[in-house]
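As provided, protein_11.tsv (TSV, C-alpha atoms) reads as follows.
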chain	number	residue	atom	x	y	z
A	1	MET	CA	49.08	-55.89	-52.86
A	2	LYS	CA	50.56	-55.56	-49.40
A	3	LEU	CA	52.75	-52.64	-48.56
A	4	HIS	CA	55.81	-53.37	-46.61
A	5	PHE	CA	57.78	-50.70	-44.78
A	6	PRO	CA	61.25	-51.35	-43.54
A	7	SER	CA	61.35	-51.37	-39.78
A	8	LYS	CA	63.60	-48.31	-39.76
A	9	TYR	CA	60.69	-46.18	-41.11
A	10	ILE	CA	58.10	-47.35	-38.57
A	11	PHE	CA	59.00	-44.74	-35.93
A	12	PHE	CA	58.66	-42.02	-38.52
A	13	ILE	CA	55.32	-43.18	-40.00
A	14	LEU	CA	53.39	-43.76	-36.71
A	15	PRO	CA	53.65	-40.16	-35.46
A	16	CYS	CA	52.47	-38.95	-38.85
A	17	LEU	CA	49.39	-41.17	-38.68
A	18	LEU	CA	48.57	-40.15	-35.09
A	19	LEU	CA	49.06	-36.41	-35.64
A	20	PRO	CA	45.68	-35.73	-37.34
A	21	MET	CA	43.86	-37.71	-34.62
A	22	LEU	CA	45.54	-35.81	-31.79
A	23	SER	CA	44.97	-32.54	-33.57
A	24	SER	CA	41.24	-33.18	-33.96
A	25	CYS	CA	40.94	-34.08	-30.26
A	26	PHE	CA	42.56	-30.92	-29.02
A	27	THR	CA	40.81	-28.69	-31.50
A	28	GLY	CA	37.49	-29.23	-29.74
A	29	VAL	CA	38.90	-28.15	-26.39
A	30	GLU	CA	40.86	-25.23	-27.68
A	31	GLY	CA	37.90	-23.98	-29.70
A	32	THR	CA	35.42	-24.01	-26.79
A	33	LYS	CA	34.25	-20.49	-26.04
A	34	LYS	CA	34.60	-19.13	-22.53
A	35	ILE	CA	31.19	-18.77	-20.91
A	36	THR	CA	30.70	-15.66	-18.78
A	37	LEU	CA	27.70	-14.68	-16.67
A	38	SER	CA	25.67	-11.72	-17.83
A	39	LYS	CA	25.30	-8.64	-15.65
A	40	GLU	CA	21.78	-9.71	-14.68
A	41	ASP	CA	22.94	-13.24	-13.85
A	42	ARG	CA	25.66	-11.91	-11.56
A	43	LYS	CA	23.15	-9.58	-9.91
A	44	ALA	CA	20.74	-12.47	-9.30
A	45	ILE	CA	23.27	-14.61	-7.43
A	46	ARG	CA	25.06	-11.81	-5.59
A	47	SER	CA	24.27	-11.53	-1.88
A	48	SER	CA	21.82	-8.75	-1.09
A	49	GLU	CA	22.04	-6.27	1.77
A	50	GLU	CA	19.32	-8.26	3.51
A	51	ASP	CA	21.34	-11.47	3.16
A	52	ASN	CA	24.25	-9.84	4.96
A	53	PHE	CA	22.39	-7.75	7.54
A	54	LEU	CA	22.69	-10.21	10.43
A	55	SER	CA	25.90	-11.84	9.23
A	56	SER	CA	27.83	-10.40	12.17
A	57	VAL	CA	25.59	-12.27	14.62
A	58	LYS	CA	27.47	-15.55	14.86
A	59	SER	CA	27.51	-18.46	17.25
A	60	THR	CA	30.58	-18.99	19.44
A	61	PRO	CA	32.61	-22.23	19.64
A	62	LEU	CA	32.61	-23.89	23.06
A	63	MET	CA	36.34	-23.22	23.48
A	64	ASP	CA	35.60	-19.45	23.50
A	65	TRP	CA	32.70	-19.42	25.97
A	66	GLU	CA	33.23	-17.29	29.05
A	67	LYS	CA	31.93	-18.37	32.41
A	68	GLY	CA	28.49	-16.88	33.02
A	69	ARG	CA	27.39	-16.88	29.37
A	70	PRO	CA	23.56	-16.87	29.59
A	71	PHE	CA	21.19	-19.26	27.82
A	72	LEU	CA	17.41	-19.17	27.88
A	73	VAL	CA	15.60	-22.49	28.23
A	74	ALA	CA	13.07	-22.43	25.39
A	75	ASP	CA	10.94	-25.36	26.54
A	76	ASN	CA	10.25	-27.42	29.66
A	77	ARG	CA	11.30	-30.52	27.74
A	78	ALA	CA	14.88	-29.27	27.85
A	79	ILE	CA	15.13	-31.14	31.17
A	80	LEU	CA	15.41	-34.31	29.07
A	81	ILE	CA	18.80	-33.34	27.59
A	82	PHE	CA	20.50	-33.10	30.98
A	83	ASP	CA	22.02	-35.92	33.04
A	84	GLN	CA	19.73	-36.74	35.95
A	85	GLN	CA	18.64	-39.49	38.26
A	86	GLY	CA	15.69	-40.91	36.34
A	87	LEU	CA	13.43	-39.09	33.91
A	88	PRO	CA	10.76	-36.79	35.36
A	89	PRO	CA	7.23	-38.16	34.93
A	90	ASP	CA	6.12	-34.85	33.45
A	91	PRO	CA	8.73	-32.45	31.98
A	92	ASP	CA	6.22	-29.60	32.08
A	93	ALA	CA	6.00	-29.96	35.85
A	94	THR	CA	9.65	-28.93	36.19
A	95	GLY	CA	8.92	-25.40	35.01
A	96	LEU	CA	12.41	-25.17	33.53
A	97	GLY	CA	11.17	-23.45	30.38
A	98	GLY	CA	11.66	-19.69	30.43
A	99	SER	CA	14.46	-19.79	32.98
A	100	THR	CA	18.02	-18.67	32.37
A	101	LEU	CA	21.00	-20.99	32.76
A	102	LEU	CA	24.57	-19.74	33.03
A	103	PHE	CA	27.56	-21.56	31.57
A	104	ASP	CA	29.65	-22.80	34.50
A	105	GLY	CA	32.38	-24.82	32.80
A	106	ILE	CA	33.08	-28.20	31.24
A	107	GLU	CA	33.88	-31.65	32.60
A	108	ASN	CA	35.44	-34.66	30.92
A	109	ARG	CA	33.83	-37.99	31.62
A	110	ILE	CA	34.88	-41.47	30.60
A	111	ASN	CA	32.12	-43.47	28.92
A	112	LEU	CA	31.65	-47.24	28.98
A	113	ALA	CA	33.88	-47.58	25.92
A	114	GLY	CA	36.71	-45.91	27.78
A	115	LYS	CA	36.60	-42.74	25.69
A	116	SER	CA	36.52	-39.20	27.07
A	117	SER	CA	33.29	-37.25	26.59
A	118	VAL	CA	32.82	-33.50	27.13
A	119	CYS	CA	29.99	-32.40	29.44
A	120	ILE	CA	28.80	-28.80	29.69
A	121	VAL	CA	27.78	-27.62	33.14
A	122	PHE	CA	25.09	-24.94	33.57
A	123	THR	CA	23.94	-23.24	36.76
A	124	ALA	CA	20.40	-22.00	37.46
A	125	ALA	CA	19.48	-18.96	39.54
A	126	ASP	CA	18.76	-21.19	42.57
A	127	GLY	CA	22.20	-22.78	42.33
A	128	SER	CA	21.00	-26.03	40.75
A	129	LYS	CA	23.47	-27.67	38.35
A	130	TYR	CA	22.48	-29.03	34.94
A	131	VAL	CA	24.95	-31.18	33.03
A	132	TYR	CA	24.66	-31.69	29.27
A	133	ASN	CA	26.70	-34.58	27.90
A	134	THR	CA	27.71	-33.63	24.37
A	135	GLY	CA	28.82	-37.16	23.48
A	136	LYS	CA	31.86	-35.65	21.77
A	137	THR	CA	35.54	-36.03	22.53
A	138	PRO	CA	37.45	-32.89	23.63
A	139	GLU	CA	38.91	-32.57	20.13
A	140	GLN	CA	35.48	-32.78	18.51
A	141	ALA	CA	33.83	-30.44	21.00
A	142	ARG	CA	36.33	-27.59	20.68
A	143	GLU	CA	34.96	-26.48	17.31
A	144	GLY	CA	32.01	-28.83	16.85
A	145	ILE	CA	29.93	-27.47	19.74
A	146	LYS	CA	28.66	-23.93	19.21
A	147	SER	CA	26.41	-21.68	21.24
A	148	ASP	CA	23.45	-22.01	18.86
A	149	ASN	CA	23.27	-25.81	18.67
A	150	ILE	CA	22.52	-26.85	22.25
A	151	PRO	CA	19.03	-28.42	22.02
A	152	MET	CA	16.23	-26.16	23.31
A	153	LEU	CA	18.64	-23.52	24.64
A	154	ILE	CA	18.86	-20.02	23.13
A	155	ASP	CA	22.12	-18.10	23.31
A	156	LEU	CA	21.11	-14.75	24.85
A	157	GLY	CA	24.38	-13.21	23.72
A	158	MET	CA	23.33	-13.67	20.09
A	159	ILE	CA	19.91	-12.21	20.89
A	160	GLN	CA	21.57	-9.10	22.29
A	161	GLU	CA	23.76	-8.72	19.21
A	162	ALA	CA	20.69	-8.93	16.97
A	163	ALA	CA	18.87	-6.40	19.19
A	164	ASN	CA	21.74	-3.94	18.79
A	165	LEU	CA	21.25	-4.07	15.02
A	166	LEU	CA	17.45	-4.15	14.91
A	167	ASN	CA	16.01	-2.08	17.76
A	168	GLY	CA	14.41	1.14	16.50
A	169	LYS	CA	15.07	0.28	12.84
A	170	LYS	CA	12.55	0.93	10.07
A	171	LEU	CA	12.02	-2.10	7.85
A	172	TRP	CA	9.57	-3.31	5.20
A	173	THR	CA	7.84	-6.65	5.68
A	174	ARG	CA	8.27	-9.46	3.21
A	175	THR	CA	5.78	-11.85	4.81
A	176	SER	CA	2.19	-11.68	6.03
A	177	LEU	CA	2.85	-14.40	8.61
A	178	TRP	CA	2.52	-12.26	11.73
A	179	TYR	CA	1.78	-13.21	15.35
A	180	ASP	CA	0.25	-11.37	18.31
A	181	ARG	CA	1.87	-11.04	21.76
A	182	ASN	CA	0.43	-14.40	22.80
A	183	GLY	CA	1.92	-16.27	19.85
A	184	ASN	CA	-1.35	-16.55	17.94
A	185	ARG	CA	-1.13	-16.20	14.19
A	186	ILE	CA	-2.73	-13.07	12.73
A	187	LYS	CA	-3.12	-11.82	9.17
A	188	GLY	CA	-0.42	-9.31	8.32
A	189	LYS	CA	0.58	-7.41	5.20
A	190	LYS	CA	3.49	-7.65	2.81
A	191	PHE	CA	5.73	-4.79	1.70
A	192	VAL	CA	4.56	-2.34	4.38
A	193	PRO	CA	6.85	-0.19	6.58
A	194	VAL	CA	7.22	-1.12	10.24
A	195	ASN	CA	9.29	0.11	13.17
A	196	VAL	CA	11.07	-2.50	15.28
A	197	SER	CA	10.41	-2.05	19.00
A	198	VAL	CA	11.13	-5.47	20.56
A	199	VAL	CA	13.91	-7.97	19.91
A	200	GLY	CA	14.09	-11.03	22.13
A	201	PRO	CA	14.30	-14.81	22.32
A	202	GLY	CA	11.75	-16.75	20.31
A	203	SER	CA	11.12	-20.47	20.37
A	204	MET	CA	13.28	-23.59	20.24
A	205	VAL	CA	12.51	-23.78	16.50
A	206	PHE	CA	12.92	-20.09	15.63
A	207	PRO	CA	15.17	-18.55	18.30
A	208	LEU	CA	14.83	-14.86	17.38
A	209	LYS	CA	11.64	-12.85	17.92
A	210	VAL	CA	11.18	-9.40	16.37
A	211	GLY	CA	8.26	-7.23	17.44
A	212	PHE	CA	7.22	-4.16	15.46
A	213	THR	CA	4.50	-1.55	14.96
A	214	ASP	CA	3.06	-0.72	11.53
A	215	MET	CA	2.06	2.73	10.32
A	216	ASN	CA	-1.45	2.29	11.81
A	217	GLY	CA	-0.08	1.55	15.26
A	218	ASN	CA	-0.77	-2.19	15.12
A	219	TYR	CA	1.73	-4.35	16.99
A	220	ALA	CA	2.84	-7.77	15.70
A	221	GLU	CA	5.74	-10.19	15.92
A	222	VAL	CA	7.63	-12.49	13.57
A	223	PHE	CA	10.06	-15.31	14.31
A	224	LEU	CA	13.43	-15.79	12.61
A	225	ASN	CA	16.44	-18.04	12.45
A	226	PHE	CA	19.93	-16.67	12.84
A	227	GLY	CA	22.21	-16.71	9.84
A	228	ASN	CA	21.95	-15.32	6.35
A	229	SER	CA	21.21	-18.37	4.25
A	230	GLY	CA	19.16	-17.42	1.22
A	231	THR	CA	17.64	-20.90	1.24
A	232	ASP	CA	16.32	-20.52	4.78
A	233	SER	CA	12.69	-19.38	4.63
A	234	ARG	CA	13.02	-17.87	8.12
A	235	SER	CA	16.22	-15.91	7.59
A	236	PHE	CA	16.15	-12.11	7.82
A	237	SER	CA	16.22	-11.78	4.03
A	238	HIS	CA	12.99	-13.79	3.73
A	239	ILE	CA	11.18	-11.78	6.40
A	240	PHE	CA	12.22	-8.16	5.85
A	241	TYR	CA	13.45	-5.64	3.30
A	242	LEU	CA	15.78	-2.82	4.27
A	243	ASP	CA	14.24	-0.44	1.71
A	244	ASP	CA	10.84	0.27	0.23
A	245	ILE	CA	10.35	-2.29	-2.54
A	246	ARG	CA	7.43	-0.23	-3.86
A	247	LYS	CA	9.95	2.07	-5.56
A	248	LYS	CA	11.03	-0.78	-7.84
A	249	PHE	CA	7.54	-1.07	-9.35
A	250	PRO	CA	6.47	2.45	-10.35
A	251	SER	CA	4.15	1.13	-13.07
A	252	VAL	CA	1.94	-0.67	-10.52
A	253	SER	CA	-1.07	1.46	-9.55
A	254	ASP	CA	-1.78	2.28	-5.91
A	255	GLU	CA	-5.00	0.25	-6.10
A	256	VAL	CA	-3.21	-2.86	-7.33
A	257	TRP	CA	-0.35	-2.37	-4.86
A	258	GLU	CA	-2.83	-2.40	-1.98
A	259	LEU	CA	-4.15	-5.72	-3.28
A	260	ILE	CA	-0.60	-7.06	-3.48
A	261	CYS	CA	0.15	-6.04	0.12
A	262	ASN	CA	-2.92	-8.01	1.22
A	263	GLU	CA	-2.08	-11.00	-1.02
A	264	LYS	CA	-5.15	-10.48	-3.18
A	265	ILE	CA	-5.60	-10.44	-6.95
A	266	GLN	CA	-8.10	-9.16	-9.50
A	267	LYS	CA	-8.72	-9.57	-13.22
A	268	GLY	CA	-6.39	-7.60	-15.43
A	269	MET	CA	-3.32	-7.93	-13.21
A	270	THR	CA	-0.05	-8.81	-14.91
A	271	LYS	CA	1.97	-11.94	-14.17
A	272	GLU	CA	4.52	-9.86	-12.29
A	273	GLU	CA	1.81	-8.34	-10.09
A	274	CYS	CA	0.28	-11.74	-9.37
A	275	LYS	CA	3.69	-13.13	-8.49
A	276	LEU	CA	4.31	-10.26	-6.07
A	277	SER	CA	0.97	-10.95	-4.42
A	278	LEU	CA	0.91	-14.75	-4.27
A	279	GLY	CA	4.51	-15.79	-4.89
A	280	ASN	CA	5.80	-18.19	-7.52
A	281	PRO	CA	3.38	-20.88	-8.77
A	282	SER	CA	4.22	-24.53	-8.16
A	283	GLU	CA	3.21	-25.55	-11.68
A	284	VAL	CA	2.76	-23.71	-14.97
A	285	SER	CA	0.99	-24.88	-18.12
A	286	ALA	CA	1.35	-22.85	-21.30
A	287	GLY	CA	-0.37	-22.98	-24.67
A	288	HIS	CA	-2.19	-20.90	-27.28
A	289	ASP	CA	-5.23	-20.90	-29.50
A	290	TYR	CA	-5.69	-19.22	-32.87
A	291	SER	CA	-5.47	-15.66	-31.51
A	292	GLN	CA	-3.88	-15.56	-28.05
A	293	THR	CA	-1.38	-17.06	-25.62
A	294	LEU	CA	-2.85	-18.95	-22.68
A	295	ASP	CA	-1.12	-19.76	-19.36
A	296	LEU	CA	-2.35	-21.66	-16.35
A	297	TRP	CA	-0.72	-21.22	-12.92
A	298	HIS	CA	-1.24	-23.68	-10.06
A	299	TYR	CA	-0.43	-22.97	-6.39
A	300	PRO	CA	0.13	-25.43	-3.52
A	301	ASP	CA	-3.02	-24.22	-1.71
A	302	GLY	CA	-5.20	-25.15	-4.69
A	303	SER	CA	-5.42	-21.69	-6.23
A	304	VAL	CA	-5.48	-21.59	-10.04
A	305	LEU	CA	-4.86	-18.53	-12.21
A	306	TRP	CA	-5.66	-18.21	-15.94
A	307	PHE	CA	-3.76	-15.70	-18.07
A	308	GLU	CA	-4.62	-14.58	-21.58
A	309	ASP	CA	-1.86	-12.68	-23.38
A	310	GLY	CA	-0.09	-12.08	-20.06
A	311	LEU	CA	-3.08	-10.67	-18.15
A	312	LEU	CA	-5.14	-12.41	-15.49
A	313	SER	CA	-8.49	-13.34	-17.04
A	314	ARG	CA	-9.92	-15.50	-14.23
A	315	PHE	CA	-8.87	-17.31	-11.10
A	316	ARG	CA	-9.97	-19.79	-8.46
A	317	LYS	CA	-8.89	-19.35	-4.85
How does this structure look as structure tokens?
Amino acid sequence: MKLHFPSKYIFFILPCLLLPMLSSCFTGVEGTKKITLSKEDRKAIRSSEEDNFLSSVKSTPLMDWEKGRPFLVADNRAILIFDQQGLPPDPDATGLGGSTLLFDGIENRINLAGKSSVCIVFTAADGSKYVYNTGKTPEQAREGIKSDNIPMLIDLGMIQEAANLLNGKKLWTRTSLWYDRNGNRIKGKKFVPVNVSVVGPGSMVFPLKVGFTDMNGNYAEVFLNFGNSGTDSRSFSHIFYLDDIRKKFPSVSDEVWELICNEKIQKGMTKEECKLSLGNPSEVSAGHDYSQTLDLWHYPDGSVLWFEDGLLSRFRK
């Protein structure tokens, strides 16, 4: 039997039929619980003191450069970025690397497309002029060109600002990747106190060089990038600690801590101790047998660690 409703009741019946459907839709949204980060989660993502230590050392937009601002040429190949009559047969023969260029002003040039392009003019100690064509319009260059992004040139003003913060400061190393005065890699130690004695320009890849002396009087250097990005493996926060991290691990014996500082391991070490020594593994396999939990850690260099019930039982390095 078909039900027939007079047309005058239709506008009353439809809302009644739709009400339960709309109610069920909104119930799911209204009933969703608010998710909040735990105290430990907030602590993990909060910037550390190391992250912020060099945050005041910032590059300067081109529009704010003063005449005479000094830049160190990090490599002889920098000659290739400047406008010149023909390319030199051998950039190294120019000897431009290691010299200082002073900002002398900007010029606007019209390219073949009829558009204006900003050129930066530098002056060498002998009066020679070097012109770097940015390829950017005046509008783009005002904010888009900064003192730390001219290829193979290091802003000595930023180096001085970093030196003001670092010279004479006591720090704790976070890396064993040390270098001698000649730039040769040497084996260093992690988590040891050092006193900063030299801050200067580095290389075209890592513009900041920090030299220090450890507690045994050994001198070494490390190379950094400017900035405070936690994802940058050469930022200050990845190279140094401001405080003695040893205090955070009172349960670790002095014998094991010495192994950790030298990136070594031995049987019986905990996972935390192994991670402090070697860093995080690239791959982890977990399992168990009838009586114990088994874990296998793999590292990019081929090292393999076996853990039984959380303790290192054997390893291959």
Subject >> Distance in Å - CA of Gln266 (chain A) versus CA of Ile186 (chain A) >> reply: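 Separation of CA of Gln266 (chain A) and CA of Ile186 (chain A): 23.2 Å.
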Subject >> Minimum-distance residue to Ser235 (chain A), chosen among A:Pro70, A:Gly157, A:Pro207, A:Gly135 (using only C-alpha atoms) >> reply: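 The closest residue to Ser235 (chain A) is A:Pro207.
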**OP:** For Asp243 (chain A), please output as a list of chain:residue names all residues within 10 Å (counting only C-alpha atoms; exclusion window: fewer than 3 positions along the same chain).
**Re:**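 Close residues of Asp243 (chain A): A:Glu49, A:Glu50, A:Lys170, A:Leu171, A:Trp172, A:Thr173, A:Phe191, A:Pro193, A:Phe240, A:Arg246, A:Lys247.
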Original post:
Any idea what the distance is between CA of Arg185 (chain A) and CA of Lys209 (chain A)?
Top reply: 13.7 Å
Subject >> Interatomic distance, CA of Tyr219 (chain A) to CA of Asn182 (chain A) (Å, one decimal) >> reply: 11.7 Å
**OP:** Would you kindly return, as a list in words, each protein, DNA or RNA residue with an atom no farther than 6 Å from any atom of region 121-134 of chain A, considering all atoms listed in the file and excluding same-chain residues fewer than 2 positions away?
**Re:**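 So the residues in contact are Phe82, Asp83, Leu101, Leu102, Phe103, Asp104, Gly105, Ile106, Val118, Cys119 and Lys136 of chain A.
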Which residues, written as an mmCIF file with C-alpha atoms, in the frame of the given file, have at least one atom at most 9 Å from Val284 (chain A), with all atoms listed in the file counted and residues fewer than 6 positions away on the same chain left out?
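So selection-v7.cif came out as:
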data_model
loop_
_atom_site.group_PDB
_atom_site.id
_atom_site.type_symbol
_atom_site.label_atom_id
_atom_site.label_comp_id
_atom_site.auth_asym_id
_atom_site.auth_seq_id
_atom_site.Cartn_x
_atom_site.Cartn_y
_atom_site.Cartn_z
ATOM 1 C CA ASP A 295 -1.120 -19.760 -19.360
ATOM 2 C CA LEU A 296 -2.350 -21.660 -16.350
ATOM 3 C CA TRP A 297 -0.720 -21.220 -12.920
ATOM 4 C CA HIS A 298 -1.240 -23.680 -10.060
#
Original post:
Using all atoms listed in the file, which of the listed residues (A:Leu294, A:Ile265, A:Met152, A:Leu112) sits closest to Leu80 (chain A)?
Top reply: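 Nearest candidate to Leu80 (chain A) out of A:Leu294, A:Ile265, A:Met152, A:Leu112: A:Met152.
Using all atoms listed in the file for every distance, the candidate list A:Val196, A:Met269, A:Met204, A:Asp90 yields A:Met269 as the residue closest to Glu255 (chain A).
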